[in-house]
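In what follows, a structure is listed as structure tokens, so that the remarks can point back to it.
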Protein chains: 2
Amino acid sequence: MSKKLIYFDLKGLGESLRYILHYGGIQFEDVRISHSEWPTKKNEVPSPFGKLPVLVDGDRILNQSMAIARYLGRGLDLVPADPWDEAAVDAVILTLNDLMASTSGVFREQDAAKKEALKKELVDETIPFYFTRFQNILKENNGHIGKKLTWADFVFVGVVELIEEFLQVNIQGNYPAVKELVNKIHNLPGVKEHIANRK
Amino acid sequence: MSKKLIYFDLKGLGESLRYILHYGGIQFEDVRISHSEWPTKKNEVPSPFGKLPVLVDGDRILNQSMAIARYLGRGLDLVPADPWDEAAVDAVILTLNDLMASTSGVFREQDAAKKEALKKELVDETIPFYFTRFQNILKENNGHIGKKLTWADFVFVGVVELIEEFLQVNIQGNYPAVKELVNKIHNLPGVKEHIANRK
């Protein structure tokens with residue numbers, strides 16, 4: 001059945017899904033909606049809670065980037081077979097989601113001084129707290145989130161790139177194991193060609 | 001192996017895990033830490049990112065309530081067998097997590113008038129937007145989040161109870177299908193006895 005990934009015309013939460021789709025050699029339509037089109041297209045896009053990304057597979061629609069990544073991973077042998085190992089990578093990505101959610105306060109804050117203070121706390125305290133631990137997990141697993149390549153590696157890389165871009169922070173420079181995983185994912189077959197061709 | 005669920009001495013994010021453990025007839029130690037003990041116990045508790053709940057299973061530790069619920073569900077036939085159906089219930093719970101995360105702004109806001117405005121928006125707009133859609137999902141699935149009883153039903157009920165308590169809003173009164181699911185979970189074997197015995 002024909003697949004479509006619908007997202008905004010940016011990397012954001014959609015890029016890790018594009019990585020997985022290209023890595024898996026899955027034919028899909030990479031539908032991109034510009035922010036200027038969004039208000040008018042919002043009601044046409046088949047999204048159960050009005051948010052993107054969504055994966056359209058024939059007449060079925062799946063929302064939530066983590067659910068989509070896991071679903072695609074299920075078909076590509078990118079989910080650990082052992083239930084505990086499966087849950088362990090889930091937990092890392094859910095923790096990363098919490099961190100990502102905590103960055104949104106910076107964008108919502110209107111007061112410039114408070115915004116700067118929130119950003120400083122994130123960059124000086126929160127990000128080091130989490131990424132020191134994420135890096136230890138990578139080191140324990142030969143550079144992966146789990147014991148082998150999983151959907152979680154793709155999502156992790158996508159979120160690192162998103163946080164670096166949105167907050168203008170250098171995570172890869174401070175955490176070499178994170179940088180290695182980004183490079184590993186970027187050089188996978190399919191992903192490499194996608195990155196070479198993207199705008 | 002001996003299992004422990006470590007959480008605060010409240011329902012919060014831990015209660016749905018207690019429901020699943022009791023429903024499954026799984027022997028576990030229900031370790032509860034009071035908020036006053038937390039600062040001193042924080043460094044003793046085996047939590048990879050310093051947060052609760054965690055599930056301890058022998059010498060292994062799993063964090064993140066959604067990952068724990070799914071893992072427990074895997075062993076109790078509470079995960080849909082079909083990968084798309086599995087992902088569809090993931091997406092509902094991840095959406096509910098987003099909603100829950102958006103409530104945290106109310107608690108962080110220091111200014112009383114702004115706090116009240118944020119709460120009003122949540123109660124008058126955000127909660128109805130989401131719960132109208134959640135209720136439609138329940139109606140399409142004979143009262144469940146997925147096509148049968150899954151871990152997601154337990155988590156959904158736990159989060160509804162949490163939002164009702166924290167925001168002092170009446171969700172069950174406004175969405176009868178939600179109330180039905182709460183009652184269904186509360187009356188499951190194991191859960192029923194747990195609720196009758198809890199403080």
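Numbering starts fresh at 1 for the residues of each chain in the structure tokens, the chains themselves are lettered A, B, ... in the order given, and ligands are numbered from 1 as they appear.
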Can you pull out the residues contacting stretch 139-144 of chain B? Cut-off 10 Å, using only C-alpha atoms, and skip same-chain residues under 5 positions away; I want them as a PyMOL selection string.
chain B and resi 89+133-134+149-150+152-154+156+177-181+184
Which polymer residues have any atom within 12 Å of an atom of B:Asp59, counting only C-alpha atoms, with same-chain residues fewer than 5 positions away left out, as a VMD selection string?
chain B and resid 1 to 4 46
Write out, as a short mmCIF file (atom, residue, chain, number, x, y, z; two decimals), in the first residue's frame, the residues just selected, with all heavy atoms.
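This went into out-v4.cif:
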```
data_model
loop_
_atom_site.label_atom_id
_atom_site.label_comp_id
_atom_site.auth_asym_id
_atom_site.auth_seq_id
_atom_site.Cartn_x
_atom_site.Cartn_y
_atom_site.Cartn_z
N MET B 1 12.53 -13.84 39.76
CA MET B 1 13.34 -12.84 40.45
C MET B 1 12.44 -11.86 41.19
O MET B 1 11.34 -11.61 40.75
CB MET B 1 14.21 -12.10 39.43
CG MET B 1 15.61 -12.70 39.35
SD MET B 1 16.69 -11.73 38.27
CE MET B 1 15.89 -11.94 36.67
N SER B 2 12.96 -11.35 42.28
CA SER B 2 12.11 -10.46 43.07
C SER B 2 11.94 -9.11 42.38
O SER B 2 12.89 -8.52 41.89
CB SER B 2 12.71 -10.26 44.46
OG SER B 2 13.83 -9.43 44.37
N LYS B 3 10.69 -8.66 42.34
CA LYS B 3 10.37 -7.39 41.69
C LYS B 3 10.00 -6.34 42.74
O LYS B 3 9.35 -6.63 43.73
CB LYS B 3 9.18 -7.57 40.75
CG LYS B 3 9.50 -8.30 39.47
CD LYS B 3 8.32 -8.19 38.51
CE LYS B 3 8.64 -8.80 37.16
NZ LYS B 3 8.95 -10.24 37.24
N LYS B 4 10.41 -5.11 42.45
CA LYS B 4 10.04 -3.97 43.28
C LYS B 4 9.57 -2.85 42.38
O LYS B 4 10.20 -2.57 41.36
CB LYS B 4 11.30 -3.41 43.99
CG LYS B 4 11.61 -3.99 45.33
CD LYS B 4 12.68 -3.14 46.01
CE LYS B 4 14.02 -3.85 45.95
NZ LYS B 4 15.04 -3.18 46.80
N PRO B 46 17.83 3.37 43.10
CA PRO B 46 18.47 3.04 41.84
C PRO B 46 17.66 3.54 40.66
O PRO B 46 16.87 2.82 40.08
CB PRO B 46 18.49 1.51 41.87
CG PRO B 46 17.28 1.13 42.67
CD PRO B 46 17.05 2.25 43.66
#
```
At a cut-off of 9 Å, which residues of chain A touch chain B? Count only C-alpha atoms and give the answer as a count of residues only.
32
Can you pull out the residues contacting B:Lys11? Cut-off 10 Å, using only C-alpha atoms, and skip same-chain residues under 5 positions away; I want them as a compact mmCIF listing (two decimals) with N, CA, C and O atoms, in the first residue's frame.
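Below is the file selection.txt, written as the result:
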```
# COMPACT_ATOMS: atom_id res chain seq x y z
N SER B 16 -1.10 3.23 37.83
CA SER B 16 -1.46 2.33 36.71
C SER B 16 -0.54 1.11 36.68
O SER B 16 -0.96 0.03 36.28
N LEU B 17 0.71 1.29 37.11
CA LEU B 17 1.63 0.15 37.16
C LEU B 17 1.22 -0.81 38.27
O LEU B 17 1.27 -2.03 38.11
N ARG B 18 0.77 -0.24 39.40
CA ARG B 18 0.26 -1.10 40.48
C ARG B 18 -0.97 -1.87 39.98
O ARG B 18 -1.12 -3.07 40.26
N GLY B 158 -5.03 5.55 34.70
CA GLY B 158 -4.14 6.16 35.69
C GLY B 158 -3.92 7.65 35.42
O GLY B 158 -3.92 8.47 36.35
N VAL B 159 -3.75 8.02 34.15
CA VAL B 159 -3.49 9.42 33.81
C VAL B 159 -4.76 10.26 33.96
O VAL B 159 -4.69 11.40 34.42
N GLU B 161 -7.07 9.77 36.15
CA GLU B 161 -7.20 10.00 37.60
C GLU B 161 -6.21 11.05 38.08
O GLU B 161 -6.52 11.89 38.94
N LEU B 162 -5.01 11.01 37.51
CA LEU B 162 -3.95 11.96 37.88
C LEU B 162 -4.35 13.38 37.47
O LEU B 162 -4.25 14.32 38.27
N GLU B 165 -7.16 14.75 39.63
CA GLU B 165 -6.74 15.10 40.98
C GLU B 165 -5.89 16.37 40.98
O GLU B 165 -6.12 17.28 41.77
```
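Note that DSSP on the backbone gives strand (DSSP E or B) to these residues of chain B: Lys3, Lys4, Leu5, Ile6, Tyr7, Phe8, Glu29, Asp30, Val31, Arg32, Ile33, Val54, Leu55, Val56, Asp57, Arg60, Ile61, Leu62 and Asn63 of chain B.
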Stretch 166-175 of chain A: which residues within 8 Å, counting only C-alpha atoms, same-chain residues fewer than 5 positions away excluded, as a PyMOL selection string?
chain A and resi 119+123+131-132+135+160
If you measure from atom CA of A:Ile145 to atom CA of A:Leu188, what distance in Å do you get, rounded to one decimal?
16.2 Å
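Picture a line from atom CA of A:Leu5 to atom CA of A:Gln27; it runs 10.4 Å.
Nearest residue to A:Leu122, choosing from A:Asp77, A:Glu164, A:Asp82, A:Glu29 and counting only C-alpha atoms: A:Glu164.
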Need the shell around A:Phe8: protein/DNA/RNA residues with any atom at most 8 Å away, counting only C-alpha atoms. Skip same-chain ones fewer than 6 positions apart. Format as a ChimeraX atom specification?
/A:14,32-35,52-53
Would you mind listing what lies within 8 Å of B:Pro189 as a list in words, with only C-alpha atoms counted and same-chain residues fewer than 3 positions away left out?
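What passes the distance filter is Tyr23, Lys192 and Glu193 of chain B.
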Save the residues we just selected, N, CA and C atoms, as a compact mmCIF listing (two decimals), in the first residue's frame?
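Written file, out-v2.txt:
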```
# COMPACT_ATOMS: atom_id res chain seq x y z
N TYR B 23 -3.35 -6.89 38.64
CA TYR B 23 -4.16 -7.62 37.66
C TYR B 23 -3.44 -8.88 37.21
N LYS B 192 -9.44 -4.75 41.69
CA LYS B 192 -10.57 -4.51 42.60
C LYS B 192 -10.14 -4.67 44.07
N GLU B 193 -9.41 -5.74 44.34
CA GLU B 193 -8.94 -5.99 45.71
C GLU B 193 -7.92 -4.93 46.13
```
